[in-house]
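What's in target_13.tsv: TSV, C-alpha atoms
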```tsv
chain	number	residue	atom	x	y	z
A	1	MET	CA	52.69	-81.83	-58.47
A	2	GLU	CA	53.97	-79.88	-61.43
A	3	PHE	CA	57.31	-79.69	-63.20
A	4	ARG	CA	58.26	-76.24	-64.44
A	5	GLN	CA	61.17	-73.88	-64.86
A	6	PHE	CA	62.36	-71.72	-62.01
A	7	ASP	CA	61.95	-67.98	-62.38
A	8	LYS	CA	63.54	-65.36	-60.13
A	9	HIS	CA	60.48	-65.15	-57.87
A	10	SER	CA	60.16	-68.93	-57.36
A	11	PHE	CA	63.92	-69.18	-56.79
A	12	GLN	CA	63.85	-66.53	-54.03
A	13	ALA	CA	60.75	-68.10	-52.42
A	14	THR	CA	62.38	-71.54	-52.53
A	15	LEU	CA	65.70	-70.35	-51.09
A	16	LYS	CA	63.96	-68.59	-48.20
A	17	ALA	CA	61.72	-71.59	-47.44
A	18	TRP	CA	64.57	-74.11	-47.74
A	19	GLU	CA	66.75	-72.08	-45.35
A	20	LEU	CA	63.90	-72.08	-42.81
A	21	GLN	CA	63.30	-75.83	-43.27
A	22	ALA	CA	67.03	-76.51	-42.86
A	23	GLU	CA	67.18	-74.44	-39.69
A	24	GLN	CA	64.21	-76.35	-38.25
A	25	ALA	CA	65.87	-79.67	-39.16
A	26	GLY	CA	69.16	-78.65	-37.50
A	27	MET	CA	71.16	-78.50	-40.75
A	28	PHE	CA	74.13	-76.20	-41.38
A	29	PRO	CA	73.30	-72.58	-42.22
A	30	GLY	CA	74.10	-71.56	-45.77
A	31	GLU	CA	74.01	-75.11	-47.08
A	32	GLN	CA	70.80	-74.49	-49.00
A	33	ALA	CA	72.27	-71.56	-50.92
A	34	ALA	CA	75.08	-73.88	-52.02
A	35	LYS	CA	72.57	-76.56	-53.07
A	36	LEU	CA	70.67	-73.99	-55.15
A	37	SER	CA	73.74	-72.18	-56.51
A	38	GLN	CA	73.46	-73.79	-59.96
A	39	VAL	CA	69.85	-72.59	-60.21
A	40	GLU	CA	70.90	-69.05	-59.34
A	41	LYS	CA	73.79	-69.20	-61.79
A	42	THR	CA	71.47	-70.41	-64.56
A	43	LEU	CA	68.91	-67.68	-63.85
A	44	LEU	CA	71.54	-64.93	-63.83
A	45	SER	CA	73.42	-66.12	-66.88
A	46	ASN	CA	72.21	-65.70	-70.43
A	47	SER	CA	75.40	-67.09	-71.91
A	48	ASN	CA	75.22	-70.67	-73.05
A	49	ASP	CA	77.37	-72.01	-75.82
A	50	SER	CA	75.73	-73.40	-78.93
A	51	GLN	CA	76.18	-77.02	-77.83
A	52	HIS	CA	75.07	-76.83	-74.19
A	53	LYS	CA	72.33	-74.87	-72.45
A	54	ASP	CA	71.76	-75.05	-68.69
A	55	LEU	CA	68.11	-75.20	-67.60
A	56	ALA	CA	66.77	-74.74	-64.05
A	57	TYR	CA	63.59	-76.73	-63.41
A	58	ALA	CA	61.85	-77.82	-60.23
A	59	VAL	CA	59.01	-79.91	-58.89
A	60	PHE	CA	56.37	-77.73	-57.22
A	61	ARG	CA	53.11	-78.41	-55.46
A	62	GLN	CA	50.31	-77.24	-57.74
A	63	GLY	CA	50.06	-73.44	-57.60
A	64	CYS	CA	52.96	-73.04	-55.16
A	65	ASP	CA	56.20	-71.12	-55.76
A	66	VAL	CA	58.31	-73.09	-53.25
A	67	ALA	CA	59.99	-76.08	-54.88
A	68	LEU	CA	59.90	-79.56	-53.39
A	69	ALA	CA	63.03	-80.33	-55.42
A	70	SER	CA	65.30	-78.59	-57.88
A	71	CYS	CA	66.29	-80.29	-61.13
A	72	GLU	CA	69.47	-79.47	-62.98
A	73	LEU	CA	68.99	-80.06	-66.71
A	74	VAL	CA	71.31	-79.52	-69.65
A	75	LEU	CA	70.24	-79.40	-73.28
A	76	SER	CA	73.04	-80.75	-75.48
A	77	ASP	CA	73.06	-80.31	-79.23
A	78	ARG	CA	75.32	-83.02	-80.61
A	79	GLY	CA	74.79	-82.06	-84.24
A	80	SER	CA	72.68	-83.67	-86.93
A	81	LEU	CA	74.19	-87.15	-86.50
A	82	SER	CA	73.72	-87.51	-82.75
A	83	GLY	CA	70.70	-85.24	-82.25
A	84	ARG	CA	69.69	-83.20	-79.22
A	85	TRP	CA	69.73	-84.67	-75.73
A	86	LEU	CA	68.08	-83.39	-72.61
A	87	LYS	CA	70.12	-84.54	-69.61
A	88	MET	CA	68.79	-84.58	-66.06
A	89	LEU	CA	72.00	-84.28	-64.07
A	90	LYS	CA	70.83	-83.75	-60.54
A	91	VAL	CA	67.72	-83.67	-58.36
A	92	VAL	CA	68.00	-81.95	-54.98
A	93	LEU	CA	65.20	-82.56	-52.48
A	94	CYS	CA	64.05	-79.78	-50.16
A	95	PRO	CA	65.46	-80.10	-46.61
A	96	GLU	CA	62.14	-81.21	-45.13
A	97	ILE	CA	61.78	-84.19	-47.50
A	98	ASP	CA	65.51	-84.96	-47.46
A	99	ALA	CA	65.67	-85.07	-43.64
A	100	GLY	CA	62.68	-87.41	-43.47
A	101	PHE	CA	64.06	-89.58	-46.27
A	102	GLN	CA	67.42	-89.89	-44.49
A	103	GLU	CA	65.58	-90.98	-41.33
A	104	ASN	CA	63.67	-93.65	-43.33
A	105	ASN	CA	60.36	-91.93	-42.64
A	106	VAL	CA	57.74	-93.76	-44.74
A	107	ASP	CA	55.79	-90.62	-45.67
A	108	ALA	CA	58.93	-88.70	-46.64
A	109	THR	CA	60.18	-91.67	-48.68
A	110	SER	CA	56.86	-91.91	-50.51
A	111	LEU	CA	56.93	-88.17	-51.20
A	112	ALA	CA	60.56	-88.38	-52.40
A	113	VAL	CA	59.61	-91.15	-54.85
A	114	SER	CA	56.68	-89.06	-56.12
A	115	VAL	CA	58.96	-86.04	-56.55
A	116	TYR	CA	61.55	-88.07	-58.49
A	117	ARG	CA	58.81	-89.57	-60.65
A	118	CYS	CA	57.45	-86.09	-61.41
A	119	ALA	CA	60.99	-84.90	-62.25
A	120	VAL	CA	61.62	-87.80	-64.63
A	121	LEU	CA	58.22	-87.58	-66.35
A	122	GLY	CA	58.47	-83.80	-66.49
A	123	SER	CA	61.95	-83.98	-68.00
A	124	PHE	CA	60.74	-86.50	-70.55
A	125	SER	CA	57.88	-84.20	-71.56
A	126	GLU	CA	60.15	-81.15	-71.67
A	127	ARG	CA	62.51	-82.84	-74.12
A	128	LEU	CA	59.81	-82.28	-76.77
A	129	ASN	CA	59.60	-78.55	-75.93
A	130	HIS	CA	63.35	-78.35	-76.47
A	131	GLU	CA	63.25	-80.51	-79.64
A	132	ALA	CA	65.39	-83.19	-78.03
A	133	ASP	CA	64.96	-86.80	-79.11
A	134	THR	CA	66.66	-88.35	-76.08
A	135	LEU	CA	66.42	-87.98	-72.30
A	136	LYS	CA	69.47	-89.02	-70.30
A	137	LEU	CA	69.22	-89.43	-66.51
A	138	TYR	CA	72.44	-89.44	-64.51
A	139	GLY	CA	72.93	-91.73	-61.52
A	140	ARG	CA	74.98	-89.40	-59.32
A	141	ASP	CA	75.02	-91.64	-56.24
A	142	HIS	CA	74.09	-95.15	-55.09
A	143	THR	CA	70.49	-94.18	-54.23
A	144	MET	CA	69.95	-92.61	-57.65
A	145	MET	CA	71.52	-95.63	-59.38
A	146	GLN	CA	69.06	-97.92	-57.56
A	147	PHE	CA	66.17	-95.66	-58.55
A	148	LEU	CA	67.30	-95.62	-62.20
A	149	SER	CA	67.64	-99.42	-62.21
A	150	THR	CA	64.06	-99.74	-61.00
A	151	LEU	CA	62.92	-97.19	-63.55
A	152	PHE	CA	64.84	-99.04	-66.30
A	153	THR	CA	62.93	-102.26	-65.67
A	154	SER	CA	59.56	-100.52	-65.45
A	155	ILE	CA	59.75	-98.37	-68.60
A	156	PRO	CA	58.80	-101.08	-71.13
A	157	GLN	CA	55.70	-101.98	-69.10
A	158	ALA	CA	54.74	-98.34	-68.55
A	159	ASP	CA	55.01	-97.28	-72.21
A	160	PRO	CA	55.78	-99.70	-75.06
A	161	ASP	CA	56.64	-96.73	-77.32
A	162	LEU	CA	59.73	-95.96	-75.22
A	163	HIS	CA	63.12	-97.60	-75.40
A	164	ALA	CA	65.41	-97.51	-72.37
A	165	SER	CA	69.05	-98.49	-72.17
A	166	LYS	CA	71.80	-98.18	-69.58
A	167	GLU	CA	75.03	-96.51	-70.63
A	168	GLY	CA	77.43	-96.45	-67.69
A	169	ARG	CA	75.82	-94.27	-65.01
A	170	TRP	CA	73.21	-92.97	-67.47
A	171	LEU	CA	69.69	-94.23	-68.09
A	172	VAL	CA	68.89	-93.28	-71.69
A	173	ILE	CA	65.23	-93.02	-72.78
A	174	ARG	CA	64.21	-92.59	-76.41
A	175	SER	CA	60.94	-92.78	-78.30
A	176	LYS	CA	60.76	-95.79	-80.62
```

Mind converting the file's structure to structure tokens?
Amino acid sequence: MEFRQFDKHSFQATLKAWELQAEQAGMFPGEQAAKLSQVEKTLLSNSNDSQHKDLAYAVFRQGCDVALASCELVLSDRGSLSGRWLKMLKVVLCPEIDAGFQENNVDATSLAVSVYRCAVLGSFSERLNHEADTLKLYGRDHTMMQFLSTLFTSIPQADPDLHASKEGRWLVIRSK
């Protein structure tokens, strides 16, 4: 798996594939366009204020232009005292993985965990490309909060050069 920014081609390929997957899974038509609306908005807009910049990333299979998940990131420049933060606000799984995950399918759950791991590690690596010293991961729902809690306890064992803390619904990761 690879973590990279959406471009217009990969966005269109993803939207088309996700709509087909949703139809096959019996989901509502048009729901996928709504799920990917922030990606489209980010790709079409060049206007970001000086303190916040929206970024549209995704987890892809190697060499594929259809995303397994979209990742909504925001780069926040808090000035010289607070530094720059890269925030991962939301991860949206493709309909195929999401449907299997909701049905407690073991393979889909394993793939969902791998996709989230790739998104977190990819976001952490990307913070350096955006000169951010902190990665903040938002726990949007109960499932994500559980995932972040597990991640919080595993970070010190995975990399002793990282420091993790919980701040409300945020998991904050910094280099020591």

(request) Excluding stretch 62-74 of chain A and residues on its chain fewer than 3 positions from it, collect all residues at most 7 Å away from it, counting all atoms listed in the file, and give them as a ChimeraX atom specification. (result) /A:1-2,10,13-14,17,52-59,86-94

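Within 8 Å of stretch 18-27 of chain A, once only C-alpha atoms are used and residues closer than 6 positions along the same chain are dropped, the contacting residues are A:Ala33, A:Cys94, A:Pro95, A:Glu96, A:Ala99.
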
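Counting all atoms listed in the file, the residue from A:Arg84, A:Lys176, A:Lys136, A:Arg4 that sits nearest to A:His163 is A:Lys176.
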
(message) As an exercise, work out the distance from atom CA of A:Phe3 to atom CA of A:Gly122 in Å and give it to one decimal place.
(response)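 Rounded to one decimal, the two atoms are 5.4 Å apart.
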
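You can rank A:Gln157, A:Glu167, A:Asp133, A:Ile173 by their closest distance to A:Met145 using all atoms listed in the file, and at the top of that list sits A:Glu167.
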
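Among A:Lys16, A:Asp98, A:Leu36, A:Gly168, the residue with the shortest atom-to-atom distance to A:Arg140, counting all atoms listed in the file, is A:Gly168.
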